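Novice: Below is a structure I'd like to ask you about.
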Amino acid sequence: MAKNVIVVGTQWGDEGKGKIVDWLTDHAKGVVRFQGGHNAGHTLVVGEKVYKLNLVPSGIVHAGVECFIGNGVVLNTQHLLKEVKELEDGGIEVRSRLKVSPGCPLILGYHSALDNAREAAKSVGTRIGTTGKGIGPAYEDKVARRALRVYDLFYPERFAEKLKENLDYHNFVLTQYLGAAPVDYAGVLEQAMTDAEQIKPLVTDVSAALHDLNKAGGNLLFEGAQGTLLDIDHGTYPFVTSSNCVAGQASAGSGVGACLLHYVLGITKAYCTRVGGGPFPSELDIETKGAPGHQMSQKGYEFGVVTGRKRRCGWFDVPALKRSSQINGATGLCITKLDVLDGIPELKICTGYRLRGQVVNLLPMGSDEVAACEPILETVQGWTESTKGLTSFDALPAAARAYLAKIETLCEVPIDIISTGPERKETIVRRHPFE
């Protein structure tokens with residue numbers, strides 16, 4: 001019987017989902033991307049080659065695996081075609097295995113123009129810290145029922161008419177409200193029609209294709225982008241992304257029934273990071289050399305895949321992970337980047353918060369409440385031995401095993417996988433999600 005697994009980030013994104021999805025793909029016939037856009041970045045290390053993917057599912061580097069972009073994804077066709085070309089230039093066959101839902105809303109030139117103009121108009125303290133890729137405005141158009149979708153590329157005249165209506169509206173906002181330059185209609189239309197000729201052969205009824213593949217006995221792997229604490233409904237609003245990043249979105253964003261989703265793997269760093277604005281209770285200083293936060297930043301190479309921005313770093317946050325685990329219904333956890341903590345003599349774990357005189361053991365809803373939280377930190381012993389590349393739990397230093405056991409007990413979710421480096425083989429398996 002086929003088994004289907006969802007991989008989601010349980011923190012503020014950048015947890016190392018790409019490597020784990022790539023590693024799990026050995027057991028899958030199909031890999032599905034179900035939300036977000038090209039604001040998400042996955043880095044895969046396969047031997048000597050490094051692949052940086054934003055839209056194409058990570059499973060594409062595995063021959064014979066079908067890859068799907070579900071209707072929950074907002075799609076920039078130019079960026080998708082650029083990724084396809086880069087992969088093909090690297091010798092990977094893509095077009096025969098990549099399937100795109102006709103229901104994907106398109107990201108067009110005016111979406112990124114709106115995104116950047118809005119951020120520029122905000123004061124520094126109120127900026128969301130978006131990537132400027134147009135993700136939010138594209139989702140707004142979807143909800144407002146004015147989005148142009150992949151489906152519309154098959155009907156050029158109707159596409160052109162709807163595009164004109166959209167640009168009349170958005171150019172008014174850009175010029176009259178935001179004081180920005182208008183977006184050229186002819187240029188957007190020409191680019192969309194040019195891209196359409198290459199996109200059309202990829203378009204597939206993804207929901208039906210996934211159903212058929214699964215019915216034939218093929219395991220499916222659902223690949224989330226960003227992280228649970230950036231979820232539009234459950235994250236630290238308004239410092240969130242514009243889509244649902246939680247496990248439940250795998251169903252809505254791909255057209256697969258919830259009863260066919262069997263295991264939820266929560267990807268969790270051995271510490272915490274966050275890119276962009278928003279509250280971060282366990283945040284550390286990353287600039288002072290020799291400080292734990294500086295080691296996390298430098299040794300963990302904590303720079304955004306999409307933007308190159310430095311990631312903020314902090315101690316492991318239990319209340320945040322407990323919130324994420326509950327929302328996602330996490331079956332098990334994968335702890336990544338354990339090796340980054342090697343050599344820090346004393347580690348701390350955020351076990352709760354003090355919020356207006358009360359002790360809180362679960363991340364509050366809303367950014368104002370989270371910003372008011374003071375972390376309650378428990379000190380634990382670090383380790384000097386290297387964990388880099390270890391593949392056996394028993395081979396880990398005693399203090400590292402104790403650190404993981406503490407996290408497991410406090411979060412009440414089993415740690416099934418531990419990543420000790422970026423390569424596939426640098427993985428400790430305690431329980432395999434597909435078995």
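As shown in the structure tokens, the chain order sets the letters A, B, ...; within each chain, residues go from 1, and ligands are also counted from 1 in the order they appear.
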Quick one: residues within 8 Å of Ala250 in chain A, only C-alpha atoms, excluding same-chain residues fewer than 5 positions away - as a tab-separated table (two decimals) with N, CA, C and O atoms, in the first residue's frame?

Specialist:
chain	number	residue	atom	x	y	z
A	6	ILE	N	4.32	14.25	4.25
A	6	ILE	CA	4.40	15.71	4.11
A	6	ILE	C	5.62	16.20	4.88
A	6	ILE	O	5.81	15.84	6.05
A	34	PHE	N	3.25	22.46	-2.94
A	34	PHE	CA	1.83	22.77	-2.76
A	34	PHE	C	1.52	24.19	-2.30
A	34	PHE	O	0.35	24.55	-2.14
A	35	GLN	N	2.52	25.05	-2.10
A	35	GLN	CA	2.25	26.43	-1.69
A	35	GLN	C	3.48	27.30	-1.91
A	35	GLN	O	4.57	26.80	-2.21
A	222	PHE	N	5.17	15.33	-0.22
A	222	PHE	CA	4.69	16.71	-0.34
A	222	PHE	C	5.70	17.66	0.30
A	222	PHE	O	6.05	17.51	1.47
A	224	GLY	N	6.81	21.27	1.50
A	224	GLY	CA	6.40	22.60	1.91
A	224	GLY	C	7.49	23.63	1.72
A	224	GLY	O	8.67	23.30	1.64
A	256	VAL	N	-5.34	16.69	-3.31
A	256	VAL	CA	-5.29	15.33	-2.78
A	256	VAL	C	-6.08	15.30	-1.46
A	256	VAL	O	-5.88	16.17	-0.61

Novice: Just list the residues in range 103-331 of chain A DSSP gives helix (DSSP H, G or I) on the backbone, as a PyMOL selection string.

Specialist: chain A and resi 109-121+124-126+135-143+150-154+156-177+185-202+206-215+228-230+249-252+258-260+292-299+318-328

Novice: One decimal, in Å: what's the spacing between CA of Val143 in chain A and CA of Glu161 in chain A?

Specialist: 19.5 Å

Novice: Using DSSP on the backbone coordinates, identify all residues within range 332-389 of chain A classified as strand (DSSP E or B); present the result as an NGL selection string.

Specialist: :A and (332-336 or 346-355 or 358-360 or 374-381)

Novice: Can you work out which one of A:Leu80, A:Thr427, A:Ser325, A:Glu283 has the shortest atom-to-atom distance to Leu377 in chain A, counting only C-alpha atoms?

Specialist: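 Selected residue with least distance to Leu377 in chain A: A:Glu283.
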
Novice: Kindly indicate which residue among A:Ile417, A:Leu114, A:Val359, A:Ile407 lies nearest to Leu24 in chain A, using only C-alpha atoms for the distances.

Specialist: A:Ile417

Novice: Hey, which of A:Leu202, A:Leu363, A:Ala121, A:Ile92 ends up closest to Ile69 in chain A? Count only C-alpha atoms.

Specialist: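 Using only C-alpha atoms, Ile69 in chain A sits closest to A:Leu202.
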
Novice: Between A:Glu190, A:Asp212, A:Glu374, A:Asp115, single out the one closest to Ala160 in chain A, counting only C-alpha atoms.

Specialist: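 Of A:Glu190, A:Asp212, A:Glu374, A:Asp115, the one nearest Ala160 in chain A, counting only C-alpha atoms, is A:Glu190.
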
Novice: One number please: CA of Leu347 in chain A to CA of Gly314 in chain A, in Å, one decimal.

Specialist: 10.8 Å

Novice: Ranking A:Asp152, A:Gly179, A:Thr331, A:Tyr185 by minimum distance to Lys164 in chain A and counting only C-alpha atoms, which one comes first?

Specialist: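 Among A:Asp152, A:Gly179, A:Thr331, A:Tyr185, it is A:Tyr185 that comes nearest to Lys164 in chain A.
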
Novice: Can you tell me which residues surround Gly132 in chain A at a distance of at most 10 Å, considering only C-alpha atoms, apart from same-chain residues fewer than 6 positions away, and format the answer as number ranges by chain?

Specialist: A: 39, 111-119, 307

Novice: Residues within 7 Å of Pro414 in chain A, please, as number ranges by chain. Count only C-alpha atoms; anything in the same chain fewer than 2 positions from it doesn't count.

Specialist: A: 332-333, 408, 412, 416

Novice: Could those selected residues go to a file with C-alpha atoms, as a PDB file, in the first residue's frame?

Specialist:
ATOM      1  CA  GLY A 332       7.979  13.001  13.952  1.00  0.00           C
ATOM      2  CA  LEU A 333      10.777  15.551  13.840  1.00  0.00           C
ATOM      3  CA  GLU A 408      12.193  15.380  22.457  1.00  0.00           C
ATOM      4  CA  GLU A 412       6.500  15.733  23.105  1.00  0.00           C
ATOM      5  CA  ASP A 416      12.991  10.345  13.942  1.00  0.00           C
TER       6      ASP A 416
END

Novice: Could you jot down the CA of Ile428 in chain A to CA of Thr336 in chain A separation for me, Å, one decimal place?

Specialist: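 Between CA of Ile428 in chain A and CA of Thr336 in chain A the gap works out to 10.3 Å.
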
Novice: Using only C-alpha atoms, find the one residue out of A:Thr391, A:Thr10, A:Asn328, A:Ser367 that sits nearest to Gly421 in chain A.

Specialist: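 Closest residue, counting only C-alpha atoms: A:Thr391.
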
Novice: Using only C-alpha atoms, which residues sit within 9 Å of Gly36 in chain A once same-chain residues fewer than 6 positions away are excluded, as a PyMOL selection string?

Specialist: chain A and resi 55+72-75+135+224-226+241-245
